[in-house]
Amino acid sequence: MTICVTGIGIISSIGVGRQATLDSLLTGRCNIAPIAHFKTIHSDLVSAEVVQSNEQLIELLGGGLKEPLTRTALLGMVALDQAYKEARVEEQRPQRVAFVSGTTVGGMDKSEQFYLDFLNNDSKNQYIASHDCGRCSEMIADYCGHFDIITTISTACSSAANAVIFGANLLKTGRTDMAIVGGSECITKFHLNGFNTLRILDKEPCRPFDASRAGLNLGEGAAYLVLESEASALKRGVEPLCKLSGYANFCDAHHQTASSEDGEGAFLAMSGALQNSGLQPEDIDYINAHGTGTVNNDLSEGIAISRLFSKRGIPPVSSTKSFTGHTTSASGSIEAVISILSIQHGFIPANLRFRNKIEELSFVPSSDIGLKVDVNNVLTNSFGFGGNDTTLIFSKYKKE
Amino acid sequence: MEQLILELKKQIIEVLNLEDVKPEDIDSQAPLFGEGLGLDSIDALELIVLMEKNYGIKLGDPAQGKEIFKSVETMAEYIEANRKK
Amino acid sequence: MGVYIKSSAQISIQNPLCNDWAVSPIIYREPYARAVECDYKKYINPIAARRMGKILKRAIAVSSSALSICGAAVPDAIITGTGLGCIENTEKFLSAMTMEGEEFLQPAYFINSTHNTISSQIAIFLKCHGYNNTFVQRGISFESALLDALMLFETGTVNTALVEGHDEMTQGYFKLLDKLDYWRKEADGKGAVAGETAVGFFLSKEEDTVKIEGTEILHTPSMDDMSRSLLKMCSDAGISLKDIDAVMVGANTDEANDAVYEAFSETLFHGVPCLWWKHIFGESFTSAAFGMYVADYILRNRVVPSAMVWKNSVKSAEQIRKILIYNHFNNKEHSLILLSRW
């Protein structure tokens with residue numbers, strides 16, 4: 001079965017919607033600054049927040065939304081709405097539609113704000129019910145329309161990528177006619193502090209694949225992809241944007257937070273996705289790396305890329321987290337959308353702020369802003385805590 | 001020093017949740033990481049928090065920990081020389 | 001191709017890693033109970049387990065047990081469902097942050113607060129590089145994990161899989177959910193008893209006594225949607241609705257919750273024996289894993305423990321060959337699992 005992407009939606013610190021995102025990518029614009037939406041003692045840790053406040057997001061959504069609302073849900077609604085409209089789901093509705101979303105913080109933004117109320121009084125009880133991740137997906141889905149299947153995946157920073165795989169498998173096994181897949185995550189004080197205890201947050205804008213890299217910047221956002229079979233897209237009269245040609249999930253099984261020295265999990269995920277797609281390493285025109293900017297990830301991932309690709313020449317590699325920050329559970333779909341934009345508009349998204357090569361690696365990332373190249377196949381990596389390594393491959397759609 | 005070492009051992013057992021380990025089981029000179037107790041990078045981060053919370057010592061660079069956390073004894077020596085509380 | 005249950009293991013508010021519940025279940029009158037723990041040192045050395053909360057130790061124990069029962073070493077996939085994840089560590093980090101501030105927070109609580117710590121710790125413990133995933137969809141988290149596994153079998157991605165359901169219930173979180181009227185308000189009253197879930201299944205393509213015919217998850221379905229889905233599942237299994245010998249429902253004595261099962265069984269399974277499990281294992285986001293655990297036990301051992309009958313008595317346990325498990329959460333998310341004795 002050929003699985004096509006027929007709609008995308010995205011919101012991140014570099015813009016709302018595909019056009020704003022594309023403009024930022026082509027001009028090297030990013031928004032990495034101290035936290036503005038909540039109070040924290042870590043004002044020295046820069047992050048990539050979505051510019052809009054919750055109130056402004058509600059406005060974007062046309063207003064009239066009732067509490068309890070969480071920021072992750074609001075970001076998700078904005079992205080899902082765009083994808084839903086682009087794929088004309090409402091006008092040309094297939095019989096069965098599934099929604100698969102990835103998140104890890106869920107409603108933590110409200111829980112951390114109201115935790116003392118939860119314990120001491122009954123004034124914020126409605127946010128107890130909006131805490132868990134599954135509720136977040138229900139809110140996003142119920143805002144947009146009716147879905148026959150809803151589920152939520154939480155594998156930390158690979159959540160959204162795993163949602164893509166699950167949705168694709170729903171299609172392949174005939175359990176749905178359309179799957180809208182991706183993830184959403186807002187920055188919370190909880191995981192800002194969590195990552196800070198691990199000492200992997202950079203105080204400067206992050207520098208993925210640079211010798212001087214010193215950690216990641218947290219980001220936030222949401223992105224969704226509408227997946228359906230080529231036959232369904234043709235039947236509904238919707239033009240495919242690209243194909244999802246391969247995917248794989250493997251486990252590094254090495255350590256709770258660190259990647260293995262030889263990047264085994266990453267290597268298995270990338271090789272598995274290539275095998276699944278029927279493509280060869282030399283067919284890949286661009287690697288959208290996980291590239292968090294931590295010392296450990298970029299070295300381990302870089303070694304895995306070298307192991308797999310160096311025989312026939314390593315294609316351009318970049319980490320677009322240098323634009324969006326690390327959007328954690330949403331990063332898999334945000335970077336999938338960026339990969340799709342690179343196919344559609346024929347360019348390599350830049351790896352910003354690269355200066356010095358990592359000594360142990362045989363390649364440097366692609367740092368030219370707006371580099372125009374014909375892009376047929378993009379491989380994108382998403383790795384989560386616990387060595388949850390997922391790779392997706394998107395390819396240019398050509399009518400058979 | 002002897003007292004600080006014992007105090008440290010108790011704190012390490014508590015903060016790293018070393019069930020069934022008693023202070024006397026920990027050799028003051030034995031390596032904490034790798035062999036010996038078999039601690040890892042997350043434990044090192046926990047020890048950094050311990051030093052900051054209990055002794056007011058801030059480690060800017062976690063890599064510094066490597067030397068300091070060689071053994072309970074080296075840790076105690078560093079604390080003795082640098083403690084702020 | 002079929003998918004079979006090779007083995008299973010559980011830790012719950014009943015005696016752990018055994019089937020004492022079938023003969024002499026522990027009866028809980030109060031709304032809150034914690035799992036009966038086993039000796040975890042038998043499964044993992046205390047130093048390796050130093051950062052693990054109860055939910056993780058239980059996961060290691062049920063995984064090891066399920067694997068050793070069928071003599072398997074490493075599965076091709078590890079997939080977990082968990083409604084709340086590692087809530088104990090989440091609470092520890094959250095309460096330290098809100099009460100003591102953002103200094104001196106401990107990394108281990110954060111690392112072990114993420115939901116997928118369970119699946120990944122099992123993988124690290126088993127050195128399993130295979131597919132690894134975690135589902136967190138409230139009351140259908142386990143069924144989502146099961147569905148994921150079945151799709152991996154169908155697409156030829158795996159030959160075996162470890163599929164698990166895990167939820168812990170701390171005193172603190174019990175109280176929060178109590179504010180939302182999740183539980184019975186008094187001993188012996190109407191309403192759910194909170195339980196804790198740790199169930200692992202080793203699934204394989206290799207034939208065994210109990211076959212998983214299919215599973216479905218549905219979002220806000222009408223009775224027509226339910227019936228259509230059920231008929232499709234039956235036709236895929238090559239059977240008709242009347243071939244289903246018993247229905248296991250997620251009733252828990254809460255009136256609004258149970259009314260959904262009443263309507264379902266009256267409409268589609270009039271007169272068919274209905275069984276239940278939540279009064280024995282308690283309610284949790286992944287309690288459906290016990291539904292499958294009990295159904296598997298019944299089919300495998302050809303016995304229906306009398307405590308498990310919800311309505312319409314069972315004439316002969318011998319004749320129960322196909323069991324449908326039906327569970328819902330808040331009447332929003334619904335799930336079906338069909339098992340048969342092979």
# chains A, B, ... in the order shown; residues from 1 in each chain; ligands from 1
call {"tool": "select_by_dssp", "arguments": {"residues": "range 72-219 of chain C", "states": "strand (DSSP E or B)", "output": "ChimeraX atom specification"}}
result
/C:77-81,131-135,160-167,183,192,194,197-204,210-219
call {"tool": "residues_around", "arguments": {"residues": "Ser184 in chain A", "least_positions_apart": "5", "cutoff": "12 Å", "atoms": "only C-alpha atoms", "output": "number ranges by chain"}}
result
A: 9-12, 50, 70-80, 100-107, 133-134, 136-137, 139-140, 152-154, 156-161, 163, 219-224, 327-334
call {"tool": "interface_residues", "arguments": {"of": "chain B", "to": "chain A", "cutoff": "10 Å", "atoms": "only C-alpha atoms", "output": "PyMOL selection string"}}
result
chain B and resi 40-42+44-46+48-49+60-62
call {"tool": "closest_residue", "arguments": {"among": "B:Glu24, B:Asp43, B:Glu35, B:Glu2", "to": "chain C", "atoms": "only C-alpha atoms"}}
result
B:Asp43
call {"tool": "residues_around", "arguments": {"residues": "Asp20 in chain B", "least_positions_apart": "5", "cutoff": "12 Å", "atoms": "only C-alpha atoms", "output": "JSON, numbers by chain"}}
result
{"B": [13, 14, 25, 26], "C": [41, 45, 46, 47, 49, 50]}
call {"tool": "atom_distance", "arguments": {"atom1": "CA of Leu152 in chain C", "atom2": "CA of Ser8 in chain C"}}
result
19.4 Å
call {"tool": "residues_around", "arguments": {"residues": "His279 in chain C", "least_positions_apart": "3", "cutoff": "8 Å", "atoms": "only C-alpha atoms", "output": "PyMOL selection string"}}
result
chain C and resi 192-193+251-253+276+282-283
call {"tool": "write_last_selection", "arguments": {"atoms": "all heavy atoms", "output": "PDB file, in the first residue's frame"}}
result
ATOM      1  N   ALA C 192     -16.244   1.893  42.443  1.00  0.00           N
ATOM      2  CA  ALA C 192     -15.032   1.120  42.190  1.00  0.00           C
ATOM      3  C   ALA C 192     -14.083   1.092  43.377  1.00  0.00           C
ATOM      4  O   ALA C 192     -14.005   2.034  44.148  1.00  0.00           O
ATOM      5  CB  ALA C 192     -14.303   1.716  40.989  1.00  0.00           C
ATOM      6  N   VAL C 193     -13.382  -0.021  43.479  1.00  0.00           N
ATOM      7  CA  VAL C 193     -12.239  -0.138  44.384  1.00  0.00           C
ATOM      8  C   VAL C 193     -10.998   0.129  43.529  1.00  0.00           C
ATOM      9  O   VAL C 193     -10.856  -0.416  42.433  1.00  0.00           O
ATOM     10  CB  VAL C 193     -12.146  -1.570  44.965  1.00  0.00           C
ATOM     11  CG1 VAL C 193     -10.820  -1.765  45.695  1.00  0.00           C
ATOM     12  CG2 VAL C 193     -13.319  -1.853  45.871  1.00  0.00           C
ATOM     13  N   ALA C 251     -17.438  -4.094  34.460  1.00  0.00           N
ATOM     14  CA  ALA C 251     -18.328  -3.572  35.513  1.00  0.00           C
ATOM     15  C   ALA C 251     -17.544  -3.446  36.817  1.00  0.00           C
ATOM     16  O   ALA C 251     -16.658  -4.250  37.100  1.00  0.00           O
ATOM     17  CB  ALA C 251     -19.512  -4.514  35.704  1.00  0.00           C
ATOM     18  N   ASN C 252     -17.888  -2.403  37.604  1.00  0.00           N
ATOM     19  CA  ASN C 252     -17.177  -2.215  38.873  1.00  0.00           C
ATOM     20  C   ASN C 252     -18.105  -1.773  40.012  1.00  0.00           C
ATOM     21  O   ASN C 252     -17.632  -1.252  41.017  1.00  0.00           O
ATOM     22  CB  ASN C 252     -16.018  -1.225  38.691  1.00  0.00           C
ATOM     23  CG  ASN C 252     -16.494   0.164  38.301  1.00  0.00           C
ATOM     24  OD1 ASN C 252     -17.675   0.494  38.444  1.00  0.00           O
ATOM     25  ND2 ASN C 252     -15.592   0.980  37.807  1.00  0.00           N
ATOM     26  N   THR C 253     -19.403  -1.915  39.819  1.00  0.00           N
ATOM     27  CA  THR C 253     -20.494  -1.566  40.756  1.00  0.00           C
ATOM     28  C   THR C 253     -20.813  -0.069  40.785  1.00  0.00           C
ATOM     29  O   THR C 253     -21.705   0.354  41.500  1.00  0.00           O
ATOM     30  CB  THR C 253     -20.284  -2.065  42.213  1.00  0.00           C
ATOM     31  OG1 THR C 253     -19.330  -1.238  42.874  1.00  0.00           O
ATOM     32  CG2 THR C 253     -19.866  -3.514  42.279  1.00  0.00           C
ATOM     33  N   TRP C 276     -17.078 -10.827  35.117  1.00  0.00           N
ATOM     34  CA  TRP C 276     -16.404  -9.556  35.434  1.00  0.00           C
ATOM     35  C   TRP C 276     -15.156  -9.824  36.241  1.00  0.00           C
ATOM     36  O   TRP C 276     -14.931 -10.945  36.709  1.00  0.00           O
ATOM     37  CB  TRP C 276     -17.355  -8.579  36.123  1.00  0.00           C
ATOM     38  CG  TRP C 276     -17.955  -9.025  37.457  1.00  0.00           C
ATOM     39  CD1 TRP C 276     -18.200 -10.292  37.883  1.00  0.00           C
ATOM     40  CD2 TRP C 276     -18.373  -8.157  38.517  1.00  0.00           C
ATOM     41  NE1 TRP C 276     -18.768 -10.278  39.120  1.00  0.00           N
ATOM     42  CE2 TRP C 276     -18.893  -8.984  39.547  1.00  0.00           C
ATOM     43  CE3 TRP C 276     -18.390  -6.780  38.696  1.00  0.00           C
ATOM     44  CZ2 TRP C 276     -19.397  -8.464  40.747  1.00  0.00           C
ATOM     45  CZ3 TRP C 276     -18.899  -6.275  39.882  1.00  0.00           C
ATOM     46  CH2 TRP C 276     -19.396  -7.104  40.896  1.00  0.00           C
ATOM     47  N   GLY C 282      -9.695  -4.789  41.084  1.00  0.00           N
ATOM     48  CA  GLY C 282      -9.761  -3.345  41.254  1.00  0.00           C
ATOM     49  C   GLY C 282      -9.784  -2.600  39.929  1.00  0.00           C
ATOM     50  O   GLY C 282      -9.546  -3.177  38.865  1.00  0.00           O
ATOM     51  N   GLU C 283     -10.072  -1.317  40.043  1.00  0.00           N
ATOM     52  CA  GLU C 283     -10.153  -0.464  38.855  1.00  0.00           C
ATOM     53  C   GLU C 283      -8.843   0.293  38.689  1.00  0.00           C
ATOM     54  O   GLU C 283      -8.258   0.765  39.664  1.00  0.00           O
ATOM     55  CB  GLU C 283     -11.311   0.517  39.036  1.00  0.00           C
ATOM     56  CG  GLU C 283     -11.561   1.482  37.892  1.00  0.00           C
ATOM     57  CD  GLU C 283     -12.046   0.808  36.616  1.00  0.00           C
ATOM     58  OE1 GLU C 283     -11.174   0.364  35.846  1.00  0.00           O
ATOM     59  OE2 GLU C 283     -13.272   0.733  36.396  1.00  0.00           O
TER      60      GLU C 283
END
call {"tool": "closest_atom_pairs", "arguments": {"of": "chain C", "to": "chain A", "cutoff": "7 Å", "atoms": "only C-alpha atoms", "output": "Markdown table"}}
result
| residue | atom | partner | partner_atom | distance |
| --- | --- | --- | --- | --- |
| C:Leu84 | CA | A:Asp132 | CA | 6.3 |
| C:Leu94 | CA | A:Glu112 | CA | 6.7 |
| C:Glu102 | CA | A:Asn193 | CA | 6.9 |
| C:Leu105 | CA | A:Thr197 | CA | 6.6 |
| C:Gln106 | CA | A:Thr197 | CA | 6.5 |
| C:Pro107 | CA | A:Thr197 | CA | 5.0 |
| C:Phe110 | CA | A:Gly194 | CA | 5.3 |
| C:Thr114 | CA | A:Ala156 | CA | 7.0 |
| C:His115 | CA | A:Ser154 | CA | 6.3 |
| C:Asn116 | CA | A:Thr155 | CA | 5.0 |
| C:Thr117 | CA | A:Gly386 | CA | 6.4 |
| C:Ser120 | CA | A:Gly386 | CA | 4.9 |
| C:Ala123 | CA | A:Ala253 | CA | 5.5 |
| C:Ile124 | CA | A:Ala253 | CA | 4.4 |
| C:Lys127 | CA | A:Ala253 | CA | 5.6 |
| C:Cys128 | CA | A:Ala253 | CA | 6.1 |
| C:His129 | CA | A:Cys251 | CA | 4.4 |
| C:Gly130 | CA | A:Phe250 | CA | 5.0 |
| C:Tyr131 | CA | A:Phe250 | CA | 4.7 |
| C:Asn132 | CA | A:Cys251 | CA | 6.2 |
| C:Asn133 | CA | A:Thr155 | CA | 6.5 |
| C:Thr134 | CA | A:Ser154 | CA | 5.6 |
| C:Phe135 | CA | A:Ile153 | CA | 4.6 |
| C:Val136 | CA | A:Thr152 | CA | 5.4 |
| C:Gln137 | CA | A:Gly134 | CA | 4.2 |
| C:Arg138 | CA | A:Gly134 | CA | 5.3 |
| C:Ser144 | CA | A:Thr151 | CA | 6.8 |
| C:Asp148 | CA | A:Phe166 | CA | 6.8 |
| C:Met151 | CA | A:Asn169 | CA | 6.4 |
| C:Leu176 | CA | A:Phe118 | CA | 6.8 |
| C:Ile217 | CA | A:Ile149 | CA | 6.2 |
| C:Leu218 | CA | A:Ile149 | CA | 5.1 |
| C:His219 | CA | A:Ile149 | CA | 5.1 |
call {"tool": "closest_residue", "arguments": {"among": "C:Ile111, C:Ala161, C:Leu231, C:Ile320", "to": "chain B", "atoms": "only C-alpha atoms"}}
result
C:Ile111
call {"tool": "select_by_dssp", "arguments": {"residues": "range 111-327 of chain C", "states": "helix (DSSP H, G or I)", "output": "PyMOL selection string"}}
result
chain C and resi 111+117-126+138-154+171-179+223-236+241-243+255-268+278-281+288-301+306-308+317-319
call {"tool": "residues_around", "arguments": {"residues": "Met226 in chain C", "least_positions_apart": "3", "cutoff": "10 Å", "atoms": "only C-alpha atoms", "output": "ChimeraX atom specification"}}
result
/C:216-218,220-223,229-232,264,268,334-336
call {"tool": "write_last_selection", "arguments": {"atoms": "all heavy atoms", "output": "short mmCIF file (atom, residue, chain, number, x, y, z; two decimals), in the first residue's frame"}}
result
data_model
loop_
_atom_site.label_atom_id
_atom_site.label_comp_id
_atom_site.auth_asym_id
_atom_site.auth_seq_id
_atom_site.Cartn_x
_atom_site.Cartn_y
_atom_site.Cartn_z
N GLU C 216 -10.26 -4.24 19.16
CA GLU C 216 -10.70 -2.98 18.56
C GLU C 216 -10.74 -1.92 19.64
O GLU C 216 -11.13 -2.20 20.77
CB GLU C 216 -12.14 -3.10 18.01
CG GLU C 216 -12.32 -4.13 16.92
CD GLU C 216 -11.92 -3.61 15.54
OE1 GLU C 216 -11.81 -2.37 15.38
OE2 GLU C 216 -11.69 -4.45 14.65
N ILE C 217 -10.36 -0.68 19.28
CA ILE C 217 -10.61 0.43 20.19
C ILE C 217 -11.52 1.41 19.47
O ILE C 217 -11.40 1.62 18.26
CB ILE C 217 -9.30 1.12 20.65
CG1 ILE C 217 -8.45 1.58 19.47
CG2 ILE C 217 -8.49 0.19 21.54
CD1 ILE C 217 -7.21 2.36 19.88
N LEU C 218 -12.48 1.96 20.19
CA LEU C 218 -13.47 2.83 19.56
C LEU C 218 -13.66 4.09 20.40
O LEU C 218 -13.72 4.03 21.63
CB LEU C 218 -14.83 2.11 19.43
CG LEU C 218 -14.87 0.77 18.70
CD1 LEU C 218 -14.73 -0.38 19.68
CD2 LEU C 218 -16.17 0.65 17.93
N THR C 220 -16.09 7.15 21.36
CA THR C 220 -17.50 7.55 21.44
C THR C 220 -18.39 6.85 20.41
O THR C 220 -19.08 7.50 19.63
CB THR C 220 -17.66 9.10 21.26
OG1 THR C 220 -17.09 9.47 20.01
CG2 THR C 220 -16.99 9.85 22.39
N PRO C 221 -18.38 5.52 20.40
CA PRO C 221 -19.21 4.81 19.41
C PRO C 221 -20.68 4.79 19.81
O PRO C 221 -21.01 4.81 21.00
CB PRO C 221 -18.63 3.39 19.47
CG PRO C 221 -18.16 3.25 20.87
CD PRO C 221 -17.67 4.60 21.29
N SER C 222 -21.55 4.75 18.83
CA SER C 222 -22.97 4.48 19.09
C SER C 222 -23.12 2.97 19.24
O SER C 222 -22.18 2.22 18.96
CB SER C 222 -23.80 4.97 17.92
OG SER C 222 -23.45 4.22 16.77
N MET C 223 -24.28 2.51 19.67
CA MET C 223 -24.50 1.05 19.77
C MET C 223 -24.36 0.41 18.39
O MET C 223 -23.87 -0.70 18.25
CB MET C 223 -25.88 0.77 20.37
CG MET C 223 -26.08 -0.69 20.75
SD MET C 223 -24.92 -1.31 22.01
CE MET C 223 -25.73 -0.75 23.50
N SER C 229 -18.63 -3.01 14.58
CA SER C 229 -17.25 -3.37 14.88
C SER C 229 -17.14 -4.82 15.35
O SER C 229 -16.23 -5.56 14.96
CB SER C 229 -16.79 -2.43 15.99
OG SER C 229 -15.44 -2.28 15.95
N LEU C 230 -18.09 -5.19 16.17
CA LEU C 230 -18.12 -6.54 16.71
C LEU C 230 -18.36 -7.57 15.60
O LEU C 230 -17.68 -8.61 15.54
CB LEU C 230 -19.25 -6.60 17.75
CG LEU C 230 -19.38 -7.84 18.61
CD1 LEU C 230 -18.08 -8.16 19.30
CD2 LEU C 230 -20.48 -7.60 19.65
N LEU C 231 -19.28 -7.25 14.72
CA LEU C 231 -19.58 -8.17 13.62
C LEU C 231 -18.37 -8.32 12.70
O LEU C 231 -18.05 -9.42 12.24
CB LEU C 231 -20.80 -7.69 12.81
CG LEU C 231 -22.13 -7.82 13.56
CD1 LEU C 231 -23.26 -7.15 12.77
CD2 LEU C 231 -22.47 -9.29 13.82
N LYS C 232 -17.67 -7.22 12.47
CA LYS C 232 -16.47 -7.27 11.64
C LYS C 232 -15.40 -8.15 12.30
O LYS C 232 -14.77 -8.99 11.65
CB LYS C 232 -15.94 -5.83 11.45
CG LYS C 232 -14.52 -5.69 10.96
CD LYS C 232 -14.51 -5.41 9.47
CE LYS C 232 -13.14 -5.17 8.84
NZ LYS C 232 -12.00 -5.88 9.35
N PHE C 264 -25.26 -2.87 26.69
CA PHE C 264 -24.52 -3.64 25.69
C PHE C 264 -24.91 -5.11 25.72
O PHE C 264 -25.24 -5.72 24.70
CB PHE C 264 -23.02 -3.48 25.96
CG PHE C 264 -22.11 -4.27 25.05
CD1 PHE C 264 -21.80 -3.81 23.78
CD2 PHE C 264 -21.56 -5.49 25.48
CE1 PHE C 264 -20.95 -4.53 22.95
CE2 PHE C 264 -20.71 -6.22 24.65
CZ PHE C 264 -20.41 -5.73 23.38
N LEU C 268 -26.96 -6.94 22.69
CA LEU C 268 -26.23 -7.83 21.78
C LEU C 268 -26.05 -9.25 22.31
O LEU C 268 -25.79 -10.17 21.54
CB LEU C 268 -24.87 -7.22 21.46
CG LEU C 268 -24.92 -5.89 20.70
CD1 LEU C 268 -23.57 -5.19 20.74
CD2 LEU C 268 -25.35 -6.11 19.25
N HIS C 334 -13.87 2.98 24.21
CA HIS C 334 -14.38 1.62 24.39
C HIS C 334 -13.41 0.64 23.74
O HIS C 334 -12.70 1.00 22.80
CB HIS C 334 -15.75 1.47 23.72
CG HIS C 334 -16.80 2.36 24.33
ND1 HIS C 334 -17.89 1.87 25.01
CD2 HIS C 334 -16.92 3.71 24.36
CE1 HIS C 334 -18.63 2.88 25.43
NE2 HIS C 334 -18.08 4.01 25.05
N SER C 335 -13.41 -0.60 24.22
CA SER C 335 -12.53 -1.59 23.61
C SER C 335 -13.16 -2.97 23.60
O SER C 335 -13.99 -3.30 24.46
CB SER C 335 -11.21 -1.66 24.40
OG SER C 335 -11.42 -2.29 25.65
N LEU C 336 -12.76 -3.75 22.61
CA LEU C 336 -13.20 -5.14 22.50
C LEU C 336 -11.97 -6.01 22.28
O LEU C 336 -11.06 -5.63 21.53
CB LEU C 336 -14.12 -5.30 21.28
CG LEU C 336 -15.42 -4.49 21.26
CD1 LEU C 336 -16.05 -4.54 19.88
CD2 LEU C 336 -16.40 -5.02 22.32
#
call {"tool": "residues_around", "arguments": {"residues": "range 281-293 of chain A", "least_positions_apart": "4", "cutoff": "7 Å", "atoms": "only C-alpha atoms", "output": "PyMOL selection string"}}
result
chain A and resi 206-209+213-216+297-298+309+312+315-319+321+326+339+348+375-383
call {"tool": "closest_residue", "arguments": {"among": "C:Ile280, C:Ala317, C:Val158, C:Ile87", "to": "Ile26 in chain C", "atoms": "only C-alpha atoms"}}
result
C:Ile280
call {"tool": "atom_distance", "arguments": {"atom1": "CA of Ser71 in chain B", "atom2": "CA of Leu32 in chain B"}}
result
5.4 Å
call {"tool": "residues_around", "arguments": {"residues": "Asn82 in chain B", "least_positions_apart": "5", "cutoff": "12 Å", "atoms": "only C-alpha atoms", "output": "ChimeraX atom specification"}}
result
/B:51-52,55-59,68,75-77
call {"tool": "write_last_selection", "arguments": {"atoms": "N, CA, C and O atoms", "output": "PDB file, in the first residue's frame"}}
result
ATOM      1  N   MET B  51      25.773  17.490  47.172  1.00  0.00           N
ATOM      2  CA  MET B  51      26.825  18.415  47.611  1.00  0.00           C
ATOM      3  C   MET B  51      26.305  19.846  47.688  1.00  0.00           C
ATOM      4  O   MET B  51      26.672  20.603  48.581  1.00  0.00           O
ATOM      5  N   GLU B  52      25.443  20.192  46.730  1.00  0.00           N
ATOM      6  CA  GLU B  52      24.900  21.546  46.688  1.00  0.00           C
ATOM      7  C   GLU B  52      23.936  21.767  47.849  1.00  0.00           C
ATOM      8  O   GLU B  52      23.988  22.779  48.543  1.00  0.00           O
ATOM      9  N   TYR B  55      25.963  20.850  51.484  1.00  0.00           N
ATOM     10  CA  TYR B  55      27.231  21.514  51.821  1.00  0.00           C
ATOM     11  C   TYR B  55      27.431  22.842  51.097  1.00  0.00           C
ATOM     12  O   TYR B  55      28.480  23.464  51.237  1.00  0.00           O
ATOM     13  N   GLY B  56      26.432  23.244  50.300  1.00  0.00           N
ATOM     14  CA  GLY B  56      26.516  24.535  49.607  1.00  0.00           C
ATOM     15  C   GLY B  56      27.605  24.602  48.554  1.00  0.00           C
ATOM     16  O   GLY B  56      28.071  25.676  48.201  1.00  0.00           O
ATOM     17  N   ILE B  57      27.991  23.410  48.029  1.00  0.00           N
ATOM     18  CA  ILE B  57      29.045  23.417  47.001  1.00  0.00           C
ATOM     19  C   ILE B  57      28.407  23.275  45.621  1.00  0.00           C
ATOM     20  O   ILE B  57      27.701  22.310  45.343  1.00  0.00           O
ATOM     21  N   LYS B  58      28.643  24.248  44.750  1.00  0.00           N
ATOM     22  CA  LYS B  58      28.074  24.223  43.405  1.00  0.00           C
ATOM     23  C   LYS B  58      29.120  23.774  42.407  1.00  0.00           C
ATOM     24  O   LYS B  58      30.188  24.381  42.323  1.00  0.00           O
ATOM     25  N   LEU B  59      28.829  22.728  41.660  1.00  0.00           N
ATOM     26  CA  LEU B  59      29.742  22.308  40.597  1.00  0.00           C
ATOM     27  C   LEU B  59      29.206  22.843  39.281  1.00  0.00           C
ATOM     28  O   LEU B  59      28.156  22.418  38.821  1.00  0.00           O
ATOM     29  N   ILE B  68      36.276  14.292  41.823  1.00  0.00           N
ATOM     30  CA  ILE B  68      35.761  14.428  43.186  1.00  0.00           C
ATOM     31  C   ILE B  68      35.094  13.138  43.676  1.00  0.00           C
ATOM     32  O   ILE B  68      35.238  12.741  44.825  1.00  0.00           O
ATOM     33  N   MET B  75      35.721  12.489  48.018  1.00  0.00           N
ATOM     34  CA  MET B  75      34.555  13.345  48.111  1.00  0.00           C
ATOM     35  C   MET B  75      34.583  14.126  49.428  1.00  0.00           C
ATOM     36  O   MET B  75      34.342  15.337  49.453  1.00  0.00           O
ATOM     37  N   ALA B  76      34.905  13.429  50.502  1.00  0.00           N
ATOM     38  CA  ALA B  76      34.956  14.060  51.817  1.00  0.00           C
ATOM     39  C   ALA B  76      36.053  15.130  51.859  1.00  0.00           C
ATOM     40  O   ALA B  76      35.849  16.217  52.394  1.00  0.00           O
ATOM     41  N   GLU B  77      37.189  14.821  51.237  1.00  0.00           N
ATOM     42  CA  GLU B  77      38.286  15.801  51.209  1.00  0.00           C
ATOM     43  C   GLU B  77      37.853  17.067  50.479  1.00  0.00           C
ATOM     44  O   GLU B  77      38.113  18.175  50.931  1.00  0.00           O
TER      45      GLU B  77
END
